[in-house]
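Everything on this sheet refers to the single structure shown next.
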Amino acid sequence: MLAAELDKKPVIGITWKSPTQDYAAFKKVIELAGGTPVELPQVKYKDFEYDGTKLAPAEVEKTGMLKPADAALIKARHYDKSNVAEALKGVDAVFFTGGEDISPSLYKNNRHEANLGEEINAARDVSDYTLMSYCIDHDIPVFAVCRGEQMMGIVHGAEFLQDIASYYQLLGADYGNEHRMLPGTPNRTYARHDVEVMDKDSHLYEIVKADTIKNVSSWHHQALFNLEGTGLKETARATYNGVEIIEGIENSSKTYMVGVQFHPENDVKLAMVEHKSTPADAELMLNFFKNFVKYAAKK
């Protein structure tokens with residue numbers, strides 16, 4: 001369906017995660033922001049062997065990582081070998097969600113898995129990487145959170161930290177687990193921390209109009225490390241014990257290419273969908289989606 005057929009509201013595609021995904025809350029958030037949400041189908045490559053929605057064992061390493069040869073094909077952006085153009089037909093913009101770790105074979109320089117054995121979803125990596133690169137090449141507006149922001153950075157060629165706690169240890173600094181509660185924590189939920197806005201000439205500052213974003217919802221153990229030579233700029237960061245972690249990125253050469261490491265959708269869901277309390281400013285978090293939808297409508 002075209003946006004014009006849906007009361008002129010921009011159609012916002014939500015990236016595929018799994019055949020059992022429940023995106024009801026994401027859809028509600030996008031509707032509250034003025035967009036029309038649609039769940040995108042899985043993007044697949046014709047040259048790969050699949051078992052339903054999963055990649056066949058021949059395509060992945062024992063760790064679950066996408067094999068380097070397959071990753072090289074994905075990075076070469078052979079869109080004609082995939083269904084990405086069909087998947088995005090009638091879609092005005094794409095929201096990339098959070099989730100599992102990303103295959104290190106998709107980094108600019110192929111790496112071995114060093115993420116302490118956390119889950120990798122290679123089939124989703126194929127789908128998300130192809131969608132992200134296609135959006136970049138065709139200037140389709142993107143808003144990406146957590147894993148989505150990481151994928152944006154990886155597709156642009158950014159350096160990447162596979163485990164933040166290990167990075168702190170390497171630097172000889174104590175890590176307070178401010179970016180993610182430890183597994184096994186009673187009533188485990190999102191960690192909370194503040195984010196410093198780094199660039200006033202950015203969509204991020206246009207959204208928050210402040211130097212600090214308080215109490216963001218955070219759940220990640222990986223992060224972008226170095227944006228040099230990528231065409232991306234850092235728009236936000238968090239600092240703990242003197243160690244800086246990138247929390248926001250943008251590609252200013254595109255109509256709208258914005259990523260944040262935290263989860264504004266979580267606080268919108270808590271306050272406006274589930275009618276629960278949240279320490280963050282839910283209206284401010286909804287502004288992330290309103291700003292995204294505004295630019296999607298212009299496109």
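Quick note on naming: the chains in the structure tokens go A, B, ... in the order shown, residues restart at 1 in each chain, and ligands are numbered from 1 in order of appearance.
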Dump as CSV the rows for residues of region 81-110 of chain A within 12 Å of region 37-41 of chain A: closest atom pair and distance in Å with one decimal, only C-alpha atoms counted, ordered by chain and rising residue number.
```
residue,atom,partner,partner_atom,distance
A:Asn83,CA,A:Pro41,CA,9.3
A:Val84,CA,A:Pro41,CA,9.1
A:Ala85,CA,A:Pro41,CA,11.2
A:Glu86,CA,A:Pro41,CA,9.4
A:Ala87,CA,A:Pro41,CA,6.1
A:Leu88,CA,A:Leu40,CA,7.5
A:Lys89,CA,A:Leu40,CA,9.9
A:Gly90,CA,A:Val38,CA,10.3
A:Val91,CA,A:Val38,CA,8.4
A:Asp92,CA,A:Pro37,CA,10.3
A:Ala93,CA,A:Pro37,CA,9.8
A:Val94,CA,A:Leu40,CA,8.9
A:Phe95,CA,A:Pro37,CA,9.3
A:Phe96,CA,A:Leu40,CA,10.5
A:Thr97,CA,A:Glu39,CA,11.4
```
Region 17-98 of chain A residues near region 127-134 of chain A within 8 Å, closest pair each, using only C-alpha atoms, as CSV:
```
residue,atom,partner,partner_atom,distance
A:Gln42,CA,A:Ser127,CA,6.0
A:Val43,CA,A:Ser127,CA,4.4
A:Lys44,CA,A:Ser127,CA,6.2
A:Ile74,CA,A:Thr130,CA,6.7
A:Arg77,CA,A:Thr130,CA,7.1
A:Tyr79,CA,A:Thr130,CA,7.6
A:Val84,CA,A:Leu131,CA,6.5
A:Phe96,CA,A:Asp128,CA,7.9
```
Now that the selection is made, can you save its residues with N, CA and C atoms as an mmCIF file, in the first residue's frame?
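part.cif, written as the output of this step:
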```cif
data_model
loop_
_atom_site.group_PDB
_atom_site.id
_atom_site.type_symbol
_atom_site.label_atom_id
_atom_site.label_comp_id
_atom_site.auth_asym_id
_atom_site.auth_seq_id
_atom_site.Cartn_x
_atom_site.Cartn_y
_atom_site.Cartn_z
ATOM 1 N N GLN A 42 11.046 -10.966 5.812
ATOM 2 C CA GLN A 42 12.462 -11.301 5.894
ATOM 3 C C GLN A 42 13.111 -11.093 4.531
ATOM 4 N N VAL A 43 14.266 -10.454 4.524
ATOM 5 C CA VAL A 43 15.044 -10.304 3.295
ATOM 6 C C VAL A 43 16.009 -11.483 3.204
ATOM 7 N N LYS A 44 15.952 -12.179 2.087
ATOM 8 C CA LYS A 44 16.790 -13.354 1.873
ATOM 9 C C LYS A 44 17.632 -13.191 0.607
ATOM 10 N N ILE A 74 27.138 -10.308 0.993
ATOM 11 C CA ILE A 74 26.227 -9.319 1.553
ATOM 12 C C ILE A 74 26.851 -7.933 1.503
ATOM 13 N N ARG A 77 26.768 -5.934 -1.685
ATOM 14 C CA ARG A 77 25.480 -5.304 -2.003
ATOM 15 C C ARG A 77 24.930 -5.741 -3.360
ATOM 16 N N TYR A 79 22.078 -6.520 -4.607
ATOM 17 C CA TYR A 79 20.649 -6.459 -4.283
ATOM 18 C C TYR A 79 19.799 -7.302 -5.227
ATOM 19 N N VAL A 84 15.080 -7.571 -1.514
ATOM 20 C CA VAL A 84 15.005 -6.331 -0.739
ATOM 21 C C VAL A 84 14.144 -5.269 -1.405
ATOM 22 N N PHE A 96 14.571 0.296 12.503
ATOM 23 C CA PHE A 96 15.383 -0.866 12.840
ATOM 24 C C PHE A 96 15.367 -1.061 14.350
#
```
Those in region 107-286 of chain A with strand (DSSP E or B) from DSSP, as a PyMOL selection string: chain A and resi 120+142-145+159-161+191-197+212-218+223-226+233-240+243-250+257-260
All residues 8 Å or closer to Tyr175 (chain A), only C-alpha atoms, same chain fewer than 3 positions away omitted, as a compact mmCIF listing (two decimals) with all heavy atoms, in the first residue's frame:
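Writing done, so here's result-v7.txt:
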```
# COMPACT_ATOMS: atom_id res chain seq x y z
N ALA A 165 32.24 -4.60 28.78
CA ALA A 165 32.93 -4.93 30.04
C ALA A 165 34.38 -5.34 29.79
O ALA A 165 35.28 -4.97 30.55
CB ALA A 165 32.17 -6.04 30.76
N TYR A 168 36.41 -2.19 29.17
CA TYR A 168 36.74 -1.53 30.43
C TYR A 168 37.91 -2.24 31.12
O TYR A 168 38.84 -1.60 31.63
CB TYR A 168 35.52 -1.52 31.36
CG TYR A 168 34.67 -0.28 31.27
CD1 TYR A 168 33.79 -0.09 30.22
CD2 TYR A 168 34.75 0.71 32.24
CE1 TYR A 168 32.98 1.04 30.14
CE2 TYR A 168 33.96 1.85 32.18
CZ TYR A 168 33.07 2.01 31.12
OH TYR A 168 32.31 3.15 31.05
N GLN A 169 37.86 -3.56 31.13
CA GLN A 169 38.92 -4.35 31.76
C GLN A 169 40.25 -4.09 31.08
O GLN A 169 41.30 -3.96 31.74
CB GLN A 169 38.56 -5.83 31.72
CG GLN A 169 39.53 -6.73 32.47
CD GLN A 169 39.07 -8.19 32.47
OE1 GLN A 169 38.33 -8.61 31.59
NE2 GLN A 169 39.51 -8.95 33.45
N GLU A 178 26.35 -0.13 33.63
CA GLU A 178 25.31 0.88 33.45
C GLU A 178 24.57 0.72 32.13
O GLU A 178 23.48 1.25 31.97
CB GLU A 178 25.90 2.29 33.54
CG GLU A 178 26.81 2.69 32.39
CD GLU A 178 27.02 4.20 32.32
OE1 GLU A 178 26.51 4.92 33.20
OE2 GLU A 178 27.67 4.64 31.38
N TYR A 240 31.39 6.74 31.71
CA TYR A 240 31.39 6.16 33.06
C TYR A 240 32.83 5.80 33.41
O TYR A 240 33.51 5.12 32.64
CB TYR A 240 30.50 4.92 33.13
CG TYR A 240 30.41 4.32 34.51
CD1 TYR A 240 29.57 4.86 35.47
CD2 TYR A 240 31.18 3.21 34.86
CE1 TYR A 240 29.49 4.31 36.75
CE2 TYR A 240 31.11 2.66 36.12
CZ TYR A 240 30.26 3.21 37.06
OH TYR A 240 30.19 2.68 38.32
N ASN A 241 33.30 6.29 34.56
CA ASN A 241 34.68 6.06 35.01
C ASN A 241 35.70 6.46 33.94
O ASN A 241 36.71 5.78 33.73
CB ASN A 241 34.90 4.60 35.42
CG ASN A 241 34.50 4.36 36.87
OD1 ASN A 241 34.24 5.30 37.61
ND2 ASN A 241 34.47 3.10 37.27
```
Residues flagged helix (DSSP H, G or I) by DSSP in region 54-295 of chain A, as an NGL selection string: :A and (57-59 or 68-75 or 79-81 or 84-87 or 104-106 or 122-137 or 147-156 or 164-170 or 203-208 or 264-273 or 282-295)
Neighbour list for region 67-73 of chain A as an NGL selection string, cut-off 9 Å, only C-alpha atoms, skip fewer than 3 positions in-chain: :A and (47-48 or 58-61 or 64 or 76-78 or 103-107 or 110 or 122 or 126)
Export of prior selection with N, CA and C atoms as an mmCIF file, in the first residue's frame:
```
data_model
loop_
_atom_site.group_PDB
_atom_site.id
_atom_site.type_symbol
_atom_site.label_atom_id
_atom_site.label_comp_id
_atom_site.auth_asym_id
_atom_site.auth_seq_id
_atom_site.Cartn_x
_atom_site.Cartn_y
_atom_site.Cartn_z
ATOM 1 N N ASP A 47 21.188 -16.987 -3.256
ATOM 2 C CA ASP A 47 22.317 -17.907 -3.307
ATOM 3 C C ASP A 47 22.512 -18.687 -2.014
ATOM 4 N N PHE A 48 21.763 -18.306 -0.960
ATOM 5 C CA PHE A 48 21.930 -18.962 0.332
ATOM 6 C C PHE A 48 20.898 -20.069 0.517
ATOM 7 N N ALA A 58 25.062 -25.005 6.614
ATOM 8 C CA ALA A 58 26.188 -24.785 5.704
ATOM 9 C C ALA A 58 26.568 -23.315 5.576
ATOM 10 N N GLU A 59 25.671 -22.409 5.969
ATOM 11 C CA GLU A 59 25.902 -20.971 5.803
ATOM 12 C C GLU A 59 26.445 -20.302 7.066
ATOM 13 N N VAL A 60 26.520 -21.043 8.178
ATOM 14 C CA VAL A 60 26.920 -20.412 9.439
ATOM 15 C C VAL A 60 28.044 -21.196 10.122
ATOM 16 N N GLU A 61 28.828 -20.481 10.935
ATOM 17 C CA GLU A 61 29.863 -21.107 11.739
ATOM 18 C C GLU A 61 29.228 -21.783 12.959
ATOM 19 N N GLY A 64 27.370 -19.655 15.315
ATOM 20 C CA GLY A 64 26.158 -19.019 14.820
ATOM 21 C C GLY A 64 26.434 -17.856 13.890
ATOM 22 N N ALA A 76 29.022 -6.830 -0.495
ATOM 23 C CA ALA A 76 29.168 -6.360 -1.877
ATOM 24 C C ALA A 76 27.871 -5.768 -2.428
ATOM 25 N N ARG A 77 26.768 -5.934 -1.685
ATOM 26 C CA ARG A 77 25.480 -5.304 -2.003
ATOM 27 C C ARG A 77 24.930 -5.741 -3.360
ATOM 28 N N HIS A 78 24.856 -7.035 -3.545
ATOM 29 C CA HIS A 78 24.252 -7.589 -4.757
ATOM 30 C C HIS A 78 22.736 -7.671 -4.553
ATOM 31 N N SER A 103 26.849 -10.675 13.481
ATOM 32 C CA SER A 103 27.979 -11.505 13.047
ATOM 33 C C SER A 103 29.227 -10.655 12.791
ATOM 34 N N PRO A 104 30.350 -10.951 13.466
ATOM 35 C CA PRO A 104 31.577 -10.189 13.229
ATOM 36 C C PRO A 104 32.123 -10.323 11.812
ATOM 37 N N SER A 105 31.685 -11.321 11.077
ATOM 38 C CA SER A 105 32.100 -11.457 9.681
ATOM 39 C C SER A 105 31.566 -10.316 8.818
ATOM 40 N N LEU A 106 30.572 -9.583 9.338
ATOM 41 C CA LEU A 106 30.018 -8.444 8.599
ATOM 42 C C LEU A 106 30.733 -7.129 8.895
ATOM 43 N N TYR A 107 31.664 -7.139 9.852
ATOM 44 C CA TYR A 107 32.429 -5.926 10.110
ATOM 45 C C TYR A 107 33.245 -5.575 8.863
ATOM 46 N N ASN A 110 36.794 -8.478 8.572
ATOM 47 C CA ASN A 110 36.238 -9.710 9.144
ATOM 48 C C ASN A 110 36.911 -10.067 10.458
ATOM 49 N N ALA A 122 22.165 -15.129 12.454
ATOM 50 C CA ALA A 122 22.771 -14.878 11.149
ATOM 51 C C ALA A 122 21.726 -14.555 10.078
ATOM 52 N N VAL A 126 21.617 -11.103 7.766
ATOM 53 C CA VAL A 126 21.481 -10.980 6.315
ATOM 54 C C VAL A 126 20.361 -10.003 5.969
#
```
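Taking only C-alpha atoms into account, Glu265 (chain A) lies nearest to A:Ser218 out of the set A:Ser218, A:Gln21, A:Ser202, A:Thr235.
Nearest to Glu31 (chain A) of all the residues A:Ile246, A:Met65, A:Val268, A:Ser277 is A:Val268, counting only C-alpha atoms.
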What's around Ala210 (chain A) at 9 Å? Count only C-alpha atoms, leave out sequence neighbours fewer than 2 positions away in its own chain, and write the answer as a PDB file with N, CA, C and O atoms, in the first residue's frame.
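Ended up saving to out-v1.pdb:
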```pdb
ATOM      1  N   GLU A 196      24.883  12.266  26.962  1.00  0.00           N
ATOM      2  CA  GLU A 196      25.322  13.625  26.631  1.00  0.00           C
ATOM      3  C   GLU A 196      25.171  13.862  25.128  1.00  0.00           C
ATOM      4  O   GLU A 196      25.666  13.063  24.321  1.00  0.00           O
ATOM      5  N   VAL A 197      24.500  14.942  24.761  1.00  0.00           N
ATOM      6  CA  VAL A 197      24.339  15.290  23.351  1.00  0.00           C
ATOM      7  C   VAL A 197      25.590  16.035  22.891  1.00  0.00           C
ATOM      8  O   VAL A 197      25.989  17.036  23.499  1.00  0.00           O
ATOM      9  N   LYS A 200      25.091  19.978  18.283  1.00  0.00           N
ATOM     10  CA  LYS A 200      23.853  20.762  18.225  1.00  0.00           C
ATOM     11  C   LYS A 200      23.337  20.916  16.799  1.00  0.00           C
ATOM     12  O   LYS A 200      22.186  21.303  16.596  1.00  0.00           O
ATOM     13  N   TYR A 205      19.698  16.777  18.416  1.00  0.00           N
ATOM     14  CA  TYR A 205      19.470  18.018  19.177  1.00  0.00           C
ATOM     15  C   TYR A 205      18.138  18.644  18.779  1.00  0.00           C
ATOM     16  O   TYR A 205      17.446  19.227  19.615  1.00  0.00           O
ATOM     17  N   GLU A 206      17.766  18.516  17.518  1.00  0.00           N
ATOM     18  CA  GLU A 206      16.455  18.993  17.063  1.00  0.00           C
ATOM     19  C   GLU A 206      15.338  18.305  17.855  1.00  0.00           C
ATOM     20  O   GLU A 206      14.313  18.919  18.163  1.00  0.00           O
ATOM     21  N   ILE A 207      15.547  17.049  18.209  1.00  0.00           N
ATOM     22  CA  ILE A 207      14.540  16.271  18.940  1.00  0.00           C
ATOM     23  C   ILE A 207      14.493  16.667  20.413  1.00  0.00           C
ATOM     24  O   ILE A 207      13.422  16.938  20.960  1.00  0.00           O
ATOM     25  N   VAL A 208      15.654  16.686  21.066  1.00  0.00           N
ATOM     26  CA  VAL A 208      15.672  16.833  22.533  1.00  0.00           C
ATOM     27  C   VAL A 208      15.847  18.269  23.005  1.00  0.00           C
ATOM     28  O   VAL A 208      15.456  18.615  24.129  1.00  0.00           O
ATOM     29  N   THR A 212      21.608  17.123  27.616  1.00  0.00           N
ATOM     30  CA  THR A 212      21.594  15.820  28.280  1.00  0.00           C
ATOM     31  C   THR A 212      20.223  15.172  28.143  1.00  0.00           C
ATOM     32  O   THR A 212      19.198  15.849  28.238  1.00  0.00           O
ATOM     33  N   ILE A 213      20.215  13.877  27.912  1.00  0.00           N
ATOM     34  CA  ILE A 213      18.978  13.091  27.916  1.00  0.00           C
ATOM     35  C   ILE A 213      19.023  12.223  29.166  1.00  0.00           C
ATOM     36  O   ILE A 213      19.947  11.425  29.345  1.00  0.00           O
TER      37      ILE A 213
END
```
